[in-house]
Structure formats: C-alpha cells, structure tokens
>>> print(open('data_14.pdb').read())   # PDB, C-alpha atoms
ATOM      1  CA  MET A   4     -58.020 141.597 115.594  1.00  0.00           C
ATOM      2  CA  THR A   5     -56.396 138.425 114.352  1.00  0.00           C
ATOM      3  CA  ALA A   6     -57.942 134.961 114.534  1.00  0.00           C
ATOM      4  CA  HIS A   7     -56.047 131.695 114.184  1.00  0.00           C
ATOM      5  CA  ALA A   8     -56.888 128.041 113.644  1.00  0.00           C
ATOM      6  CA  PHE A   9     -54.699 124.993 113.259  1.00  0.00           C
ATOM      7  CA  LEU A  10     -55.516 121.561 111.897  1.00  0.00           C
ATOM      8  CA  LYS A  11     -53.331 118.484 111.737  1.00  0.00           C
ATOM      9  CA  ILE A  12     -54.524 115.460 109.768  1.00  0.00           C
ATOM     10  CA  ALA A  13     -53.091 112.167 108.557  1.00  0.00           C
ATOM     11  CA  PRO A  14     -52.533 112.050 104.779  1.00  0.00           C
ATOM     12  CA  ASN A  15     -55.584 110.036 103.722  1.00  0.00           C
ATOM     13  CA  HIS A  16     -58.951 110.731 102.112  1.00  0.00           C
ATOM     14  CA  GLU A  17     -61.005 110.151 105.283  1.00  0.00           C
ATOM     15  CA  GLN A  18     -59.025 112.798 107.154  1.00  0.00           C
ATOM     16  CA  LEU A  19     -59.377 115.298 104.279  1.00  0.00           C
ATOM     17  CA  GLU A  20     -63.091 115.289 104.995  1.00  0.00           C
ATOM     18  CA  LEU A  21     -62.339 117.112 108.268  1.00  0.00           C
ATOM     19  CA  ILE A  22     -61.126 120.199 106.414  1.00  0.00           C
ATOM     20  CA  PRO A  23     -64.463 121.753 105.322  1.00  0.00           C
ATOM     21  CA  THR A  24     -65.883 121.504 108.850  1.00  0.00           C
ATOM     22  CA  ALA A  25     -62.806 123.182 110.306  1.00  0.00           C
ATOM     23  CA  VAL A  26     -62.846 125.929 107.664  1.00  0.00           C
ATOM     24  CA  GLU A  27     -66.565 126.536 108.140  1.00  0.00           C
ATOM     25  CA  GLU A  28     -66.277 126.783 111.931  1.00  0.00           C
ATOM     26  CA  PHE A  29     -63.450 129.274 111.619  1.00  0.00           C
ATOM     27  CA  ALA A  30     -65.318 131.199 108.904  1.00  0.00           C
ATOM     28  CA  GLU A  31     -68.399 131.461 111.065  1.00  0.00           C
ATOM     29  CA  ARG A  32     -66.482 132.882 114.017  1.00  0.00           C
ATOM     30  CA  ASP A  33     -64.715 135.322 111.709  1.00  0.00           C
ATOM     31  CA  ASN A  34     -67.815 136.282 109.660  1.00  0.00           C
ATOM     32  CA  TRP A  35     -66.559 135.372 106.213  1.00  0.00           C
ATOM     33  CA  PRO A  36     -68.790 135.856 103.188  1.00  0.00           C
ATOM     34  CA  PRO A  37     -69.866 132.567 101.500  1.00  0.00           C
ATOM     35  CA  ASP A  38     -67.626 133.240  98.488  1.00  0.00           C
ATOM     36  CA  LEU A  39     -64.532 133.303 100.690  1.00  0.00           C
ATOM     37  CA  VAL A  40     -65.531 130.070 102.484  1.00  0.00           C
ATOM     38  CA  PHE A  41     -66.042 128.371  99.100  1.00  0.00           C
ATOM     39  CA  LYS A  42     -62.647 129.473  97.792  1.00  0.00           C
ATOM     40  CA  LEU A  43     -60.678 128.519 100.894  1.00  0.00           C
ATOM     41  CA  ASN A  44     -62.400 125.133 100.993  1.00  0.00           C
ATOM     42  CA  LEU A  45     -61.674 124.582  97.323  1.00  0.00           C
ATOM     43  CA  VAL A  46     -58.007 125.519  97.646  1.00  0.00           C
ATOM     44  CA  LEU A  47     -57.507 123.213 100.635  1.00  0.00           C
ATOM     45  CA  GLU A  48     -59.402 120.360  98.968  1.00  0.00           C
ATOM     46  CA  GLU A  49     -57.370 120.587  95.761  1.00  0.00           C
ATOM     47  CA  LEU A  50     -54.045 120.785  97.602  1.00  0.00           C
ATOM     48  CA  GLY A  51     -55.042 118.086 100.103  1.00  0.00           C
ATOM     49  CA  VAL A  52     -56.171 115.652  97.392  1.00  0.00           C
ATOM     50  CA  ASN A  53     -52.941 116.316  95.503  1.00  0.00           C
ATOM     51  CA  ILE A  54     -50.853 115.550  98.592  1.00  0.00           C
ATOM     52  CA  VAL A  55     -52.789 112.357  99.411  1.00  0.00           C
ATOM     53  CA  ASN A  56     -52.826 111.067  95.813  1.00  0.00           C
ATOM     54  CA  TYR A  57     -49.381 112.001  94.542  1.00  0.00           C
ATOM     55  CA  SER A  58     -46.895 113.166  97.164  1.00  0.00           C
ATOM     56  CA  GLY A  59     -46.174 109.950  99.056  1.00  0.00           C
ATOM     57  CA  ALA A  60     -46.450 111.922 102.331  1.00  0.00           C
ATOM     58  CA  THR A  61     -46.522 109.741 105.447  1.00  0.00           C
ATOM     59  CA  GLY A  62     -46.464 112.372 108.215  1.00  0.00           C
ATOM     60  CA  ASP A  63     -49.358 114.655 109.118  1.00  0.00           C
ATOM     61  CA  ILE A  64     -50.546 117.419 106.829  1.00  0.00           C
ATOM     62  CA  GLU A  65     -50.525 120.656 108.830  1.00  0.00           C
ATOM     63  CA  ILE A  66     -52.881 123.486 107.972  1.00  0.00           C
ATOM     64  CA  SER A  67     -52.948 126.870 109.644  1.00  0.00           C
ATOM     65  CA  LEU A  68     -55.429 129.660 109.049  1.00  0.00           C
ATOM     66  CA  ALA A  69     -54.984 133.248 110.139  1.00  0.00           C
ATOM     67  CA  SER A  70     -57.380 136.068 109.519  1.00  0.00           C
ATOM     68  CA  ASP A  71     -57.255 139.814 110.041  1.00  0.00           C
ATOM     69  CA  GLU A  72     -59.395 142.719 108.827  1.00  0.00           C
ATOM     70  CA  GLU A  73     -58.086 142.600 105.288  1.00  0.00           C
ATOM     71  CA  SER A  74     -57.139 139.055 104.426  1.00  0.00           C
ATOM     72  CA  VAL A  75     -56.917 135.366 105.224  1.00  0.00           C
ATOM     73  CA  THR A  76     -53.566 133.598 105.226  1.00  0.00           C
ATOM     74  CA  VAL A  77     -53.377 129.827 104.848  1.00  0.00           C
ATOM     75  CA  GLU A  78     -50.310 127.658 105.253  1.00  0.00           C
ATOM     76  CA  ILE A  79     -50.198 124.009 104.365  1.00  0.00           C
ATOM     77  CA  SER A  80     -47.259 121.666 104.806  1.00  0.00           C
ATOM     78  CA  ASP A  81     -46.562 118.006 104.046  1.00  0.00           C
ATOM     79  CA  ASP A  82     -43.571 115.672 104.111  1.00  0.00           C
ATOM     80  CA  GLY A  83     -44.109 114.288 100.617  1.00  0.00           C
ATOM     81  CA  ARG A  84     -41.748 114.562  97.687  1.00  0.00           C
ATOM     82  CA  PRO A  85     -40.808 118.120  96.698  1.00  0.00           C
ATOM     83  CA  PHE A  86     -43.628 119.772  94.763  1.00  0.00           C
ATOM     84  CA  ASN A  87     -43.882 123.478  94.039  1.00  0.00           C
ATOM     85  CA  PRO A  88     -47.415 124.142  92.761  1.00  0.00           C
ATOM     86  CA  LEU A  89     -46.254 127.493  91.377  1.00  0.00           C
ATOM     87  CA  LEU A  90     -43.704 125.917  89.044  1.00  0.00           C
ATOM     88  CA  ASP A  91     -44.034 122.147  88.855  1.00  0.00           C
ATOM     89  CA  GLN A  92     -47.479 122.049  87.284  1.00  0.00           C
ATOM     90  CA  ASP A  93     -48.174 123.293  83.756  1.00  0.00           C
ATOM     91  CA  THR A  94     -51.327 125.315  83.244  1.00  0.00           C
ATOM     92  CA  PRO A  95     -53.788 123.025  81.473  1.00  0.00           C
ATOM     93  CA  ASP A  96     -54.900 124.089  77.996  1.00  0.00           C
ATOM     94  CA  ILE A  97     -58.147 125.779  78.979  1.00  0.00           C
ATOM     95  CA  SER A  98     -58.955 126.689  75.379  1.00  0.00           C
ATOM     96  CA  ALA A  99     -58.833 123.126  73.979  1.00  0.00           C
ATOM     97  CA  PRO A 100     -62.006 121.831  72.303  1.00  0.00           C
ATOM     98  CA  LEU A 101     -64.234 119.548  74.358  1.00  0.00           C
ATOM     99  CA  GLY A 102     -62.897 116.276  72.965  1.00  0.00           C
ATOM    100  CA  ASN A 103     -59.276 117.172  73.844  1.00  0.00           C
ATOM    101  CA  ARG A 104     -59.829 118.641  77.270  1.00  0.00           C
ATOM    102  CA  PRO A 105     -57.196 117.434  79.681  1.00  0.00           C
ATOM    103  CA  ILE A 106     -58.595 115.930  82.869  1.00  0.00           C
ATOM    104  CA  GLY A 107     -55.587 116.629  85.088  1.00  0.00           C
ATOM    105  CA  GLY A 108     -54.027 119.847  86.299  1.00  0.00           C
ATOM    106  CA  LEU A 109     -57.242 121.758  86.835  1.00  0.00           C
ATOM    107  CA  GLY A 110     -57.080 121.684  90.619  1.00  0.00           C
ATOM    108  CA  ILE A 111     -53.743 123.469  90.884  1.00  0.00           C
ATOM    109  CA  HIS A 112     -54.848 125.916  88.177  1.00  0.00           C
ATOM    110  CA  LEU A 113     -57.901 126.791  90.303  1.00  0.00           C
ATOM    111  CA  VAL A 114     -55.702 127.271  93.374  1.00  0.00           C
ATOM    112  CA  ARG A 115     -53.328 129.600  91.546  1.00  0.00           C
ATOM    113  CA  SER A 116     -56.241 131.586  90.103  1.00  0.00           C
ATOM    114  CA  MET A 117     -58.145 131.984  93.345  1.00  0.00           C
ATOM    115  CA  MET A 118     -55.399 133.065  95.716  1.00  0.00           C
ATOM    116  CA  ASP A 119     -53.969 136.579  95.651  1.00  0.00           C
ATOM    117  CA  GLU A 120     -50.482 135.650  96.823  1.00  0.00           C
ATOM    118  CA  MET A 121     -48.654 132.330  97.025  1.00  0.00           C
ATOM    119  CA  SER A 122     -45.170 131.380  98.115  1.00  0.00           C
ATOM    120  CA  TYR A 123     -43.508 127.985  98.264  1.00  0.00           C
ATOM    121  CA  SER A 124     -40.526 126.757 100.221  1.00  0.00           C
ATOM    122  CA  ARG A 125     -38.946 123.411 100.955  1.00  0.00           C
ATOM    123  CA  GLU A 126     -37.822 123.277 104.590  1.00  0.00           C
ATOM    124  CA  ASP A 127     -36.737 120.377 106.806  1.00  0.00           C
ATOM    125  CA  GLY A 128     -37.918 117.824 104.250  1.00  0.00           C
ATOM    126  CA  LYS A 129     -41.335 119.456 103.982  1.00  0.00           C
ATOM    127  CA  ASN A 130     -43.274 121.318 101.324  1.00  0.00           C
ATOM    128  CA  LYS A 131     -44.563 124.587 102.757  1.00  0.00           C
ATOM    129  CA  LEU A 132     -47.071 126.607 100.834  1.00  0.00           C
ATOM    130  CA  ALA A 133     -48.267 129.978 102.139  1.00  0.00           C
ATOM    131  CA  MET A 134     -51.201 131.733 100.493  1.00  0.00           C
ATOM    132  CA  THR A 135     -53.121 134.935 101.049  1.00  0.00           C
ATOM    133  CA  LYS A 136     -56.630 135.808  99.976  1.00  0.00           C
ATOM    134  CA  ARG A 137     -57.961 139.330 100.379  1.00  0.00           C
ATOM    135  CA  LYS A 138     -61.406 139.542 101.967  1.00  0.00           C
ATOM    136  CA  SER A 139     -62.666 142.119  99.487  1.00  0.00           C
ATOM    137  CA  GLU A 140     -62.075 141.977  95.757  1.00  0.00           C
TER
ATOM    138  CA  MET B 125     -74.786 115.911  96.993  1.00  0.00           C
ATOM    139  CA  ALA B 126     -78.245 115.114  95.685  1.00  0.00           C
ATOM    140  CA  ILE B 127     -79.712 114.944  92.219  1.00  0.00           C
ATOM    141  CA  ASP B 128     -83.289 115.038  90.989  1.00  0.00           C
ATOM    142  CA  PHE B 129     -84.329 114.566  87.430  1.00  0.00           C
ATOM    143  CA  GLN B 130     -87.369 114.834  85.228  1.00  0.00           C
ATOM    144  CA  ARG B 131     -87.858 113.927  81.590  1.00  0.00           C
ATOM    145  CA  ASN B 132     -90.293 115.521  79.173  1.00  0.00           C
ATOM    146  CA  GLU B 133     -90.431 114.911  75.407  1.00  0.00           C
ATOM    147  CA  GLY B 134     -86.763 113.994  75.008  1.00  0.00           C
ATOM    148  CA  THR B 135     -85.543 116.716  77.367  1.00  0.00           C
ATOM    149  CA  LEU B 136     -83.893 115.565  80.561  1.00  0.00           C
ATOM    150  CA  ILE B 137     -83.546 118.154  83.292  1.00  0.00           C
ATOM    151  CA  ILE B 138     -81.211 117.223  86.127  1.00  0.00           C
ATOM    152  CA  GLU B 139     -81.056 119.337  89.273  1.00  0.00           C
ATOM    153  CA  ALA B 140     -77.877 118.983  91.294  1.00  0.00           C
ATOM    154  CA  ALA B 141     -77.843 120.228  94.877  1.00  0.00           C
ATOM    155  CA  GLU B 142     -75.420 120.774  97.778  1.00  0.00           C
ATOM    156  CA  ARG B 143     -71.726 119.951  97.288  1.00  0.00           C
ATOM    157  CA  VAL B 144     -69.790 118.023  94.673  1.00  0.00           C
ATOM    158  CA  ASP B 145     -66.265 117.368  95.863  1.00  0.00           C
ATOM    159  CA  SER B 146     -63.613 114.652  95.782  1.00  0.00           C
ATOM    160  CA  THR B 147     -65.541 112.538  98.303  1.00  0.00           C
ATOM    161  CA  ASN B 148     -68.709 112.198  96.228  1.00  0.00           C
ATOM    162  CA  ALA B 149     -67.709 112.975  92.613  1.00  0.00           C
ATOM    163  CA  GLN B 150     -67.698 109.283  91.679  1.00  0.00           C
ATOM    164  CA  ARG B 151     -71.255 108.871  92.936  1.00  0.00           C
ATOM    165  CA  PHE B 152     -72.260 112.056  91.080  1.00  0.00           C
ATOM    166  CA  LEU B 153     -70.894 110.500  87.864  1.00  0.00           C
ATOM    167  CA  GLU B 154     -72.704 107.224  88.489  1.00  0.00           C
ATOM    168  CA  ASP B 155     -75.966 109.057  89.229  1.00  0.00           C
ATOM    169  CA  LEU B 156     -75.683 111.104  86.036  1.00  0.00           C
ATOM    170  CA  ASP B 157     -74.838 108.021  83.969  1.00  0.00           C
ATOM    171  CA  ALA B 158     -77.853 106.233  85.419  1.00  0.00           C
ATOM    172  CA  ALA B 159     -80.167 109.175  84.710  1.00  0.00           C
ATOM    173  CA  ILE B 160     -79.107 109.828  81.100  1.00  0.00           C
ATOM    174  CA  GLU B 161     -80.601 107.649  78.347  1.00  0.00           C
ATOM    175  CA  PRO B 162     -79.221 107.392  74.805  1.00  0.00           C
ATOM    176  CA  THR B 163     -82.614 108.630  73.589  1.00  0.00           C
ATOM    177  CA  ASP B 164     -82.371 111.962  75.442  1.00  0.00           C
ATOM    178  CA  GLN B 165     -82.021 114.653  72.790  1.00  0.00           C
ATOM    179  CA  VAL B 166     -81.369 117.453  75.250  1.00  0.00           C
ATOM    180  CA  VAL B 167     -79.840 117.296  78.731  1.00  0.00           C
ATOM    181  CA  ILE B 168     -79.813 120.297  81.048  1.00  0.00           C
ATOM    182  CA  LEU B 169     -77.903 120.286  84.304  1.00  0.00           C
ATOM    183  CA  ASP B 170     -79.473 122.832  86.643  1.00  0.00           C
ATOM    184  CA  MET B 171     -77.001 124.002  89.302  1.00  0.00           C
ATOM    185  CA  GLU B 172     -79.152 126.530  91.115  1.00  0.00           C
ATOM    186  CA  LYS B 173     -78.964 124.576  94.374  1.00  0.00           C
ATOM    187  CA  LEU B 174     -75.331 123.574  94.012  1.00  0.00           C
ATOM    188  CA  THR B 175     -73.345 125.362  96.708  1.00  0.00           C
ATOM    189  CA  TYR B 176     -69.848 123.990  95.998  1.00  0.00           C
ATOM    190  CA  ILE B 177     -67.908 122.290  93.224  1.00  0.00           C
ATOM    191  CA  SER B 178     -64.200 121.476  92.998  1.00  0.00           C
ATOM    192  CA  SER B 179     -62.100 120.055  90.161  1.00  0.00           C
ATOM    193  CA  ALA B 180     -63.361 116.543  90.977  1.00  0.00           C
ATOM    194  CA  GLY B 181     -66.875 117.740  90.116  1.00  0.00           C
ATOM    195  CA  LEU B 182     -65.665 119.579  87.011  1.00  0.00           C
ATOM    196  CA  ARG B 183     -64.219 116.315  85.723  1.00  0.00           C
ATOM    197  CA  VAL B 184     -67.641 114.674  86.041  1.00  0.00           C
ATOM    198  CA  VAL B 185     -69.321 117.508  84.133  1.00  0.00           C
ATOM    199  CA  LEU B 186     -66.623 117.267  81.444  1.00  0.00           C
ATOM    200  CA  GLN B 187     -67.034 113.492  81.133  1.00  0.00           C
ATOM    201  CA  THR B 188     -70.801 113.909  80.884  1.00  0.00           C
ATOM    202  CA  ALA B 189     -70.403 116.577  78.176  1.00  0.00           C
ATOM    203  CA  LYS B 190     -68.145 114.221  76.192  1.00  0.00           C
ATOM    204  CA  THR B 191     -70.578 111.314  76.526  1.00  0.00           C
ATOM    205  CA  LEU B 192     -73.462 113.483  75.327  1.00  0.00           C
ATOM    206  CA  GLN B 193     -71.420 114.842  72.429  1.00  0.00           C
ATOM    207  CA  ARG B 194     -70.723 111.245  71.310  1.00  0.00           C
ATOM    208  CA  GLN B 195     -74.427 110.403  71.350  1.00  0.00           C
ATOM    209  CA  ASN B 196     -75.259 113.704  69.576  1.00  0.00           C
ATOM    210  CA  SER B 197     -77.370 115.043  72.433  1.00  0.00           C
ATOM    211  CA  GLY B 198     -77.532 118.725  73.303  1.00  0.00           C
ATOM    212  CA  PHE B 199     -76.106 119.678  76.695  1.00  0.00           C
ATOM    213  CA  ALA B 200     -76.205 122.863  78.744  1.00  0.00           C
ATOM    214  CA  LEU B 201     -75.757 124.044  82.307  1.00  0.00           C
ATOM    215  CA  CYS B 202     -78.007 126.617  83.909  1.00  0.00           C
ATOM    216  CA  ALA B 203     -78.552 128.766  86.988  1.00  0.00           C
ATOM    217  CA  LEU B 204     -74.977 128.698  88.305  1.00  0.00           C
ATOM    218  CA  SER B 205     -74.429 130.789  91.425  1.00  0.00           C
ATOM    219  CA  GLY B 206     -71.594 133.323  91.464  1.00  0.00           C
ATOM    220  CA  THR B 207     -68.651 131.293  92.720  1.00  0.00           C
ATOM    221  CA  VAL B 208     -69.710 128.060  90.969  1.00  0.00           C
ATOM    222  CA  ARG B 209     -69.799 130.052  87.750  1.00  0.00           C
ATOM    223  CA  GLU B 210     -66.364 131.484  88.503  1.00  0.00           C
ATOM    224  CA  VAL B 211     -64.972 127.943  88.868  1.00  0.00           C
ATOM    225  CA  PHE B 212     -66.306 127.060  85.409  1.00  0.00           C
ATOM    226  CA  GLU B 213     -64.875 130.259  83.920  1.00  0.00           C
ATOM    227  CA  ILE B 214     -61.414 129.850  85.450  1.00  0.00           C
ATOM    228  CA  SER B 215     -61.326 126.321  84.030  1.00  0.00           C
ATOM    229  CA  GLY B 216     -62.384 127.530  80.585  1.00  0.00           C
ATOM    230  CA  PHE B 217     -65.371 125.158  80.687  1.00  0.00           C
ATOM    231  CA  ASP B 218     -67.680 128.054  79.806  1.00  0.00           C
ATOM    232  CA  GLN B 219     -65.971 128.031  76.390  1.00  0.00           C
ATOM    233  CA  VAL B 220     -66.926 124.432  75.580  1.00  0.00           C
ATOM    234  CA  ILE B 221     -70.163 123.932  77.527  1.00  0.00           C
ATOM    235  CA  ALA B 222     -73.175 126.222  77.086  1.00  0.00           C
ATOM    236  CA  ILE B 223     -74.187 128.041  80.281  1.00  0.00           C
ATOM    237  CA  HIS B 224     -77.567 129.767  80.558  1.00  0.00           C
ATOM    238  CA  PRO B 225     -79.076 131.926  83.322  1.00  0.00           C
ATOM    239  CA  SER B 226     -82.208 129.760  83.724  1.00  0.00           C
ATOM    240  CA  GLN B 227     -83.804 126.428  82.778  1.00  0.00           C
ATOM    241  CA  ASP B 228     -86.225 128.169  80.432  1.00  0.00           C
ATOM    242  CA  GLU B 229     -83.430 129.913  78.573  1.00  0.00           C
ATOM    243  CA  ALA B 230     -81.429 126.693  78.333  1.00  0.00           C
ATOM    244  CA  ILE B 231     -84.444 124.829  76.921  1.00  0.00           C
ATOM    245  CA  ALA B 232     -85.181 127.636  74.449  1.00  0.00           C
ATOM    246  CA  ALA B 233     -81.559 127.694  73.261  1.00  0.00           C
ATOM    247  CA  LEU B 234     -81.251 123.913  72.855  1.00  0.00           C
ATOM    248  CA  LYS B 235     -84.655 123.182  71.388  1.00  0.00           C
ATOM    249  CA  GLY B 236     -84.705 126.345  69.258  1.00  0.00           C
TER
END
>>> encode(input="data_14.pdb", output="structure tokens")
Amino acid sequence: MTAHAFLKIAPNHEQLELIPTAVEEFAERDNWPPDLVFKLNLVLEELGVNIVNYSGATGDIEISLASDEESVTVEISDDGRPFNPLLDQDTPDISAPLGNRPIGGLGIHLVRSMMDEMSYSREDGKNKLAMTKRKSE
Amino acid sequence: MAIDFQRNEGTLIIEAAERVDSTNAQRFLEDLDAAIEPTDQVVILDMEKLTYISSAGLRVVLQTAKTLQRQNSGFALCALSGTVREVFEISGFDQVIAIHPSQDEAIAALKG
C-alpha cells in the first residue's frame, strides 16, 4: 500500500512551522516509528530554512511525501537560485576543536547523513530534490 | 521548548524539554544565557526530555559550550535519547562536548 501527502507553503518562516504538523499527521496514519518522524522533520526543517534564508525563492515551496512498506520518499522544490545540496555545500569540519567550530553548513550535512538516497535536478527554473529514507536500518 | 534549572554548590543543572528548532532556538539561547552565571563551575545540560533538535539547536549548544570554555566552567550533556544523540554524533559535537548517560555520571565526571 502506498500513502501520499502534499504540502504547498509560501517561502517564509511562519509557513515553515506548518511542516512538522503535516509530517506528524502523515506519520501517524502510516505508523512511522518516532525516529523516522524525527529525521523527516529535521530534513525538511533544514532544507526549508535554507530555502527561506538563502535561495531568494518567491513562489511556493512544494513538498510531497510518499510511503510504502519499505521506505519514505520526499520531494521538495523551490524557485530560488540554483542550489544542489549534494555538491554546492562543503562538509563542515566536524573534527575542528571547539573554538574553531564552524556555525554554518551543519544543516545540509545532517540532511546528507540522514537520508539513504538523494538526487537533485534543476527543472523549469526550480530546484528539485528527491530523497529516500528506508523504514528499517 | 521548556527549560528548568537548579543550582547546588556551583553546579548548575539545566533540563531542556520538548523541541528545539529554528522557531525557538533564539529563545533557547536567551534562556540558557539568563540561567548561567559566571560563578557556575559546572554546567550540565540534561536532555532526557528533549524530543527533537535540529542544527539551529546545535548552534545554541555550541555557543553555550564556547561561552563556558571562556569562563573556565566545566560543561557536559547527559541523558540524550537515541536520535538526539545521533544528531550530535553526525555533527561531531560528541568529540568536543562531553556526553554522559545520566546526570549522576556527568556530575561525577566533572566534579571528580
């Protein structure tokens, strides 16, 4: 059985707050374990904040969720400037001593670490990021 | 997000609960700054009741660790649940901030 959900929000911080509620409702219907809800919420928060703060997007951010027995697939798109989170963001130095820890870049690093598969494309003036997370480790 | 704190003989124990995300990270930082005194020798941030943290929350913990290092206070986290702990490990924060299974173990380690 496959379940789907779709969310369309304006690119601002108030609208980003709608994401966790939508994810949690979907997760409840689909019986996700808490760990999976946490990770999907985190990934969408980090990407959403990045879009709102840095992309210059003016059109809606579109998020789709699809779930089957094995995995959850998330797609997120925005009309901001081209940004490929797989390539355009260096991995922060996670071994630096405390005093030199970089503050930026952690969000995208978390996204890349938590998802099992990611693919990026630029289509019709939009960034499209598709990600898959397996339900069992 | 909610924090509670108690101070005993130079040891400040802060309990953070619920979610720390981009919407409330600034308030989390302000609450921590307000709670911590320059005279605190040891500060322990108990995360047992924390259900969610994103990079916005990690930044606050990092800033707090730096502040405490400057004032020569000991700092440790304790009682992180599975996924919260994973977030700290992926970020490499477990390499620069002490993490203990419980408050008692954190106190024992910091106060020797």
>>> interface_residues(input="data_14.pdb", of="chain B", to="chain A", cutoff="8 Å", atoms="all atoms listed in the file", output="list in words")
Ser146, Thr147, Tyr176, Ile177, Ser178, Ser179, Arg183, Leu186, Ala189, Lys190, Thr207, Val211, Ile214, Ser215, Gly216, Phe217, Gln219 and Val220 of chain B
>>> atom_distance(input="data_14.pdb", atom1="CA of Lys131 (chain A)", atom2="CA of Thr5 (chain A)")
21.6 Å
>>> residues_around(input="data_14.pdb", residues="Thr163 (chain B)", least_positions_apart="3", cutoff="9 Å", atoms="only C-alpha atoms", output="list in words")
Gly134, Ile160, Gln195 and Ser197 of chain B
>>> atom_distance(input="data_14.pdb", atom1="CA of Ala159 (chain B)", atom2="CA of Met171 (chain B)")
15.8 Å
>>> atom_distance(input="data_14.pdb", atom1="CA of Val167 (chain B)", atom2="CA of Ile138 (chain B)")
7.5 Å
>>> closest_residue(input="data_14.pdb", among="B:Val184, B:Thr175, B:Ser205, B:Gln227", to="Leu136 (chain B)", atoms="all atoms listed in the file")
B:Gln227
>>> resolve_selection(input="data_14.pdb", expression="the PyMOL selection byres ((chain B and resi 140) around 8)", output="ChimeraX atom specification")
/B:125-128,138-139,141-142,169-174
>>> axis_aligned_box(input="data_14.pdb", around="region 120-128 of chain A", padding_each_side="3 Å", output="JSON")
{"center_x": -43.6, "center_y": 126.7, "center_z": 101.8, "size_x": 19.7, "size_y": 23.8, "size_z": 16.0}
>>> residues_near_point(input="data_14.pdb", point="(-56.2, 120.2, 109.8)", cutoff="8 Å", atoms="all atoms listed in the file", output="ChimeraX atom specification")
/A:9-12,21-22,25,64-67
>>> resolve_selection(input="data_14.pdb", expression="the PyMOL selection byres ((chain B and resi 223) around 7)", output="list in words")
Ala200, Leu201, Cys202, Asp218, Ile221, Ala222, His224 and Pro225 of chain B
>>> decode(input="data_14.pdb", residues="region 117-132 of chain A", atoms="N, CA, C and O atoms", output="CSV table (one decimal), in the first residue's frame")
chain,number,residue,atom,x,y,z
A,117,MET,N,21.5,11.7,6.9
A,117,MET,CA,20.3,11.0,7.4
A,117,MET,C,19.5,10.3,6.3
A,117,MET,O,18.8,9.4,6.6
A,118,MET,N,19.6,10.8,5.1
A,118,MET,CA,18.8,10.2,4.0
A,118,MET,C,19.6,9.1,3.4
A,118,MET,O,20.9,9.1,3.3
A,119,ASP,N,18.9,8.1,2.9
A,119,ASP,CA,19.6,6.9,2.2
A,119,ASP,C,20.0,7.2,0.8
A,119,ASP,O,21.0,6.8,0.3
A,120,GLU,N,19.1,7.9,0.1
A,120,GLU,CA,19.3,8.3,-1.3
A,120,GLU,C,18.9,9.7,-1.5
A,120,GLU,O,17.9,10.2,-1.0
A,121,MET,N,19.7,10.5,-2.3
A,121,MET,CA,19.3,11.8,-2.7
A,121,MET,C,19.6,12.1,-4.2
A,121,MET,O,20.6,11.6,-4.6
A,122,SER,N,18.7,12.8,-4.8
A,122,SER,CA,19.0,13.2,-6.2
A,122,SER,C,18.5,14.6,-6.4
A,122,SER,O,17.4,15.0,-5.9
A,123,TYR,N,19.3,15.4,-7.1
A,123,TYR,CA,19.0,16.8,-7.4
A,123,TYR,C,18.8,17.0,-8.9
A,123,TYR,O,19.5,16.5,-9.7
A,124,SER,N,17.8,17.9,-9.2
A,124,SER,CA,17.7,18.3,-10.6
A,124,SER,C,17.2,19.8,-10.6
A,124,SER,O,16.6,20.2,-9.7
A,125,ARG,N,17.6,20.5,-11.7
A,125,ARG,CA,17.1,21.8,-11.9
A,125,ARG,C,16.1,21.7,-13.1
A,125,ARG,O,16.6,21.4,-14.2
A,126,GLU,N,14.8,22.0,-12.9
A,126,GLU,CA,13.9,21.9,-14.0
A,126,GLU,C,12.9,23.0,-13.9
A,126,GLU,O,12.4,23.4,-12.9
A,127,ASP,N,12.7,23.6,-15.1
A,127,ASP,CA,11.7,24.7,-15.2
A,127,ASP,C,12.0,25.8,-14.2
A,127,ASP,O,11.0,26.3,-13.6
A,128,GLY,N,13.2,26.2,-14.0
A,128,GLY,CA,13.6,27.2,-13.1
A,128,GLY,C,13.4,26.9,-11.6
A,128,GLY,O,13.3,27.7,-10.8
A,129,LYS,N,13.3,25.6,-11.3
A,129,LYS,CA,13.1,25.1,-10.0
A,129,LYS,C,14.2,24.1,-9.5
A,129,LYS,O,14.6,23.3,-10.3
A,130,ASN,N,14.5,24.2,-8.2
A,130,ASN,CA,15.4,23.2,-7.6
A,130,ASN,C,14.4,22.1,-7.2
A,130,ASN,O,13.4,22.3,-6.6
A,131,LYS,N,14.8,20.8,-7.6
A,131,LYS,CA,14.0,19.7,-7.2
A,131,LYS,C,14.9,18.7,-6.5
A,131,LYS,O,15.9,18.2,-7.1
A,132,LEU,N,14.6,18.4,-5.3
A,132,LEU,CA,15.4,17.5,-4.5
A,132,LEU,C,14.5,16.3,-4.1
A,132,LEU,O,13.5,16.5,-3.5
